[in-house]
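Down below is the structure, laid out as structure tokens.
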Amino acid sequence: MKYRIFFLLLLTLLSCKNNDDEIGRPDPYILTENHISEDCSAFQMRFDKGDYILNFALSGTCPKLKPEEYTKEYSRYLKVYNDSLPLRKGFILVQYYGFNSNIKTFQDSIIQITKRNFKTNVSLVEENNDFFMIQVGNDKAMLTRYLNKVYE
């Protein structure tokens with residue numbers, strides 16, 4: 001019995017030791033959130049390393065949110081935090097839901113706002129019912145890495 005307790009204690013200590021290097025390490029992103037309409041907030045994860053620049057998404061039920069309000073908030077965010085976006089090339093994930101309007105027009109608006117703020121080429125890389133991914137800049141190696149991850 002004594003050996004079982006010792007073995008269990010040793011195993012517990014070793015398993016706790018494996019995660020010690022994560023303690024105190026800063027998150028690889030900066031999170032901000034803004035209230036944009038009734039029961040709806042936009043949150044942003046701004047990255048400073050890697051292939052991703054930004055994740056712009058919604059939280060809440062967003063029953064009355066219109067694409068125009070979303071694009072206005074996206075544009076405002078890019079203007080305010082333009083100097084805080086150290087990565088000038090990479091991917092931006094735009095997450096949305098509940099829009100009954102033309103999604104292509106919404107995507108085009110986001111792409112034009114991004115082009116204006118980053119002053120470079122922007123292209124649609126992937127789309128789904130609730131999100132789309134755009135690439136800022138023409139880094140073919142970055143696109144290849146992304147596509148390899150997606151299709152693994």
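Residues are referred to by chain and number: the chain letter is A, B, ... according to the order shown in the structure tokens, the number counts from 1 in that chain, and ligands are numbered separately from 1 in the order shown.
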- request: Write out as a PyMOL selection string each polymer residue whose atoms come within 7 Å of segment 92-99 of chain A, counting only C-alpha atoms; drop sequence neighbours fewer than 2 positions from it.
  value: chain A and resi 52-58+66-67+90+101+130-135
Name all residues at most 8 Å from segment 34-40 of chain A (count only C-alpha atoms; drop same-chain ones fewer than 5 positions away) and give them as number ranges by chain. A: 58-65, 69-70, 73
Restricting to only C-alpha atoms, whichever of A:Lys104, A:Asp51, A:Tyr29, A:Asn121 is closest to Thr144 of chain A is A:Asp51
Students should find that atom CA of Thr114 of chain A and atom CA of Asn100 of chain A are spaced 22.8 Å
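Near Gln112 of chain A, within a cut-off of 12 Å and counting only C-alpha atoms, sit the residues Thr71, Tyr74, Ser75, Thr105, Phe106, Phe118, Lys119, Thr120, Asn121, Val122, Ser123, Leu124, Ile134 and Val136 of chain A, with same-chain residues fewer than 6 positions away left out.
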Could you save the residues just selected, with N, CA, C and O atoms, as an mmCIF file, in the first residue's frame?
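Output saved as result32.cif:
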data_model
loop_
_atom_site.group_PDB
_atom_site.id
_atom_site.type_symbol
_atom_site.label_atom_id
_atom_site.label_comp_id
_atom_site.auth_asym_id
_atom_site.auth_seq_id
_atom_site.Cartn_x
_atom_site.Cartn_y
_atom_site.Cartn_z
ATOM 1 N N THR A 71 -19.249 45.732 -40.810
ATOM 2 C CA THR A 71 -18.153 46.314 -41.592
ATOM 3 C C THR A 71 -17.714 47.660 -41.013
ATOM 4 O O THR A 71 -16.532 47.987 -41.040
ATOM 5 N N TYR A 74 -15.508 46.766 -38.108
ATOM 6 C CA TYR A 74 -14.246 46.232 -38.626
ATOM 7 C C TYR A 74 -13.348 47.373 -39.103
ATOM 8 O O TYR A 74 -12.159 47.426 -38.787
ATOM 9 N N SER A 75 -13.907 48.298 -39.856
ATOM 10 C CA SER A 75 -13.158 49.444 -40.351
ATOM 11 C C SER A 75 -12.643 50.306 -39.195
ATOM 12 O O SER A 75 -11.479 50.730 -39.191
ATOM 13 N N THR A 105 -21.292 40.532 -51.215
ATOM 14 C CA THR A 105 -21.150 41.974 -51.035
ATOM 15 C C THR A 105 -20.453 42.278 -49.711
ATOM 16 O O THR A 105 -19.580 43.144 -49.640
ATOM 17 N N PHE A 106 -20.817 41.555 -48.673
ATOM 18 C CA PHE A 106 -20.190 41.700 -47.357
ATOM 19 C C PHE A 106 -18.696 41.366 -47.446
ATOM 20 O O PHE A 106 -17.853 42.118 -46.956
ATOM 21 N N PHE A 118 -4.225 48.176 -45.155
ATOM 22 C CA PHE A 118 -2.911 47.532 -45.228
ATOM 23 C C PHE A 118 -2.109 47.969 -46.455
ATOM 24 O O PHE A 118 -0.931 47.664 -46.560
ATOM 25 N N LYS A 119 -2.774 48.630 -47.395
ATOM 26 C CA LYS A 119 -2.129 49.130 -48.607
ATOM 27 C C LYS A 119 -1.354 48.043 -49.353
ATOM 28 O O LYS A 119 -0.195 48.230 -49.737
ATOM 29 N N THR A 120 -1.999 46.902 -49.534
ATOM 30 C CA THR A 120 -1.412 45.785 -50.259
ATOM 31 C C THR A 120 -2.526 44.930 -50.844
ATOM 32 O O THR A 120 -3.705 45.182 -50.613
ATOM 33 N N ASN A 121 -2.147 43.900 -51.581
ATOM 34 C CA ASN A 121 -3.135 42.983 -52.147
ATOM 35 C C ASN A 121 -3.804 42.172 -51.045
ATOM 36 O O ASN A 121 -3.158 41.765 -50.083
ATOM 37 N N VAL A 122 -5.081 41.935 -51.221
ATOM 38 C CA VAL A 122 -5.865 41.117 -50.287
ATOM 39 C C VAL A 122 -6.696 40.165 -51.124
ATOM 40 O O VAL A 122 -7.327 40.576 -52.093
ATOM 41 N N SER A 123 -6.697 38.889 -50.754
ATOM 42 C CA SER A 123 -7.467 37.922 -51.524
ATOM 43 C C SER A 123 -8.220 36.964 -50.600
ATOM 44 O O SER A 123 -7.777 36.674 -49.498
ATOM 45 N N LEU A 124 -9.344 36.496 -51.092
ATOM 46 C CA LEU A 124 -10.156 35.516 -50.381
ATOM 47 C C LEU A 124 -9.490 34.153 -50.524
ATOM 48 O O LEU A 124 -9.190 33.717 -51.626
ATOM 49 N N ILE A 134 -9.148 35.702 -45.320
ATOM 50 C CA ILE A 134 -8.503 36.493 -46.345
ATOM 51 C C ILE A 134 -7.000 36.521 -46.095
ATOM 52 O O ILE A 134 -6.550 36.401 -44.957
ATOM 53 N N VAL A 136 -3.596 38.745 -46.550
ATOM 54 C CA VAL A 136 -3.056 40.080 -46.765
ATOM 55 C C VAL A 136 -1.640 39.910 -47.304
ATOM 56 O O VAL A 136 -0.811 39.266 -46.673
#
